[in-house]
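Take a look at the structure below.
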Amino acid sequence: MEREKRGRKVLSAVAELFDLPGDVVAGLPHLEMIGQRQLFLEHHTGILSYSEEQIDANTTAGVLRVTGAGLNLLAMTAEELRIGGRIDAVEWVAP
């Protein structure tokens with residue numbers, strides 16, 4: 001626990017020193033939505049489930065669930081994911 005706190009302090013100091021966003025340095029997920037039609041996710045660690053109504057993506061912060069209609073993967077790399085379709089909800093769920 002103590003070691004984890006020190007690690008966060010070091011990452012925070014590095015981010016501040018180099019004027020970088022803390023989420024980038026710590027590898028936390030970064031989400032961007034374009035209206036209700038697209039979601040861009042950085043720092044995912046894989047797809048857990050996939051259908052036209054629900055996509056579950058694993059991240060370093062937990063499972064991100066996207067629900068809607070006509071969902072599909074527009075693009076996917078080792079760290080980035082772009083989901084298209086009608087997005088009704090985005091939520092963090094227990095794994």
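By convention here, the chains of the structure tokens are called A, B, ... in the order presented, each chain's residues are numbered starting at 1, and ligands are numbered starting at 1 in the order presented.
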
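Residues lying within 8 Å of Val90 of chain A, counting only C-alpha atoms and ignoring same-chain neighbours fewer than 6 positions away, are Leu64, Arg65, Val66 and Thr67 of chain A.
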
Could you dump the residues just selected with C-alpha atoms as an mmCIF file, in the first residue's frame?
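The resulting file, selection-v2.cif, is shown below:
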data_model
loop_
_atom_site.group_PDB
_atom_site.id
_atom_site.type_symbol
_atom_site.label_atom_id
_atom_site.label_comp_id
_atom_site.auth_asym_id
_atom_site.auth_seq_id
_atom_site.Cartn_x
_atom_site.Cartn_y
_atom_site.Cartn_z
ATOM 1 C CA LEU A 64 -15.524 -0.335 -19.548
ATOM 2 C CA ARG A 65 -18.963 -1.378 -20.836
ATOM 3 C CA VAL A 66 -20.453 0.319 -23.891
ATOM 4 C CA THR A 67 -24.114 -0.420 -24.661
#

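Excluding Asn72 of chain A itself and same-chain residues fewer than 2 positions from it, the residues having an atom within 10 Å of it are A:Gln38, A:Tyr50, A:Ser51, A:Glu52, A:Glu53, A:Gln54, A:Ile55, A:Ala69, A:Gly70, A:Leu74, A:Ala75, A:Arg82, A:Ile83, A:Gly84, A:Gly85, A:Arg86, counting only C-alpha atoms.
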
- Out of A:Met33, A:Glu79, A:Val93, A:His44, which residue has the shortest atom-to-atom distance to Asn58 of chain A when counting only C-alpha atoms? A:His44

- Item | Val63 of chain A environment, 8 Å, only C-alpha atoms, sequence neighbours closer than 3 positions dropped, as a ChimeraX atom specification | /A:56-59,92-95

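Here the question is which of A:Leu28, A:Ile87, A:Ile34, A:Leu41 gets nearest to Gly68 of chain A using only C-alpha atoms, and that residue is A:Ile87.
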
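Closest approach to Ala89 of chain A among A:Thr77, A:Arg37, A:Gly62, A:Glu42: A:Arg37, based on only C-alpha atoms.
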
- Out of A:Leu73, A:Ala78, A:Glu32, A:Ala61, which residue has the shortest atom-to-atom distance to Ser49 of chain A when counting only C-alpha atoms?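 Looking at the shortest contact to Ser49 of chain A, the residue is A:Leu73.
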
- Distance of atom CA of Leu81 of chain A from atom CA of Gly35 of chain A, expressed in Å to one decimal place: 16.5 Å
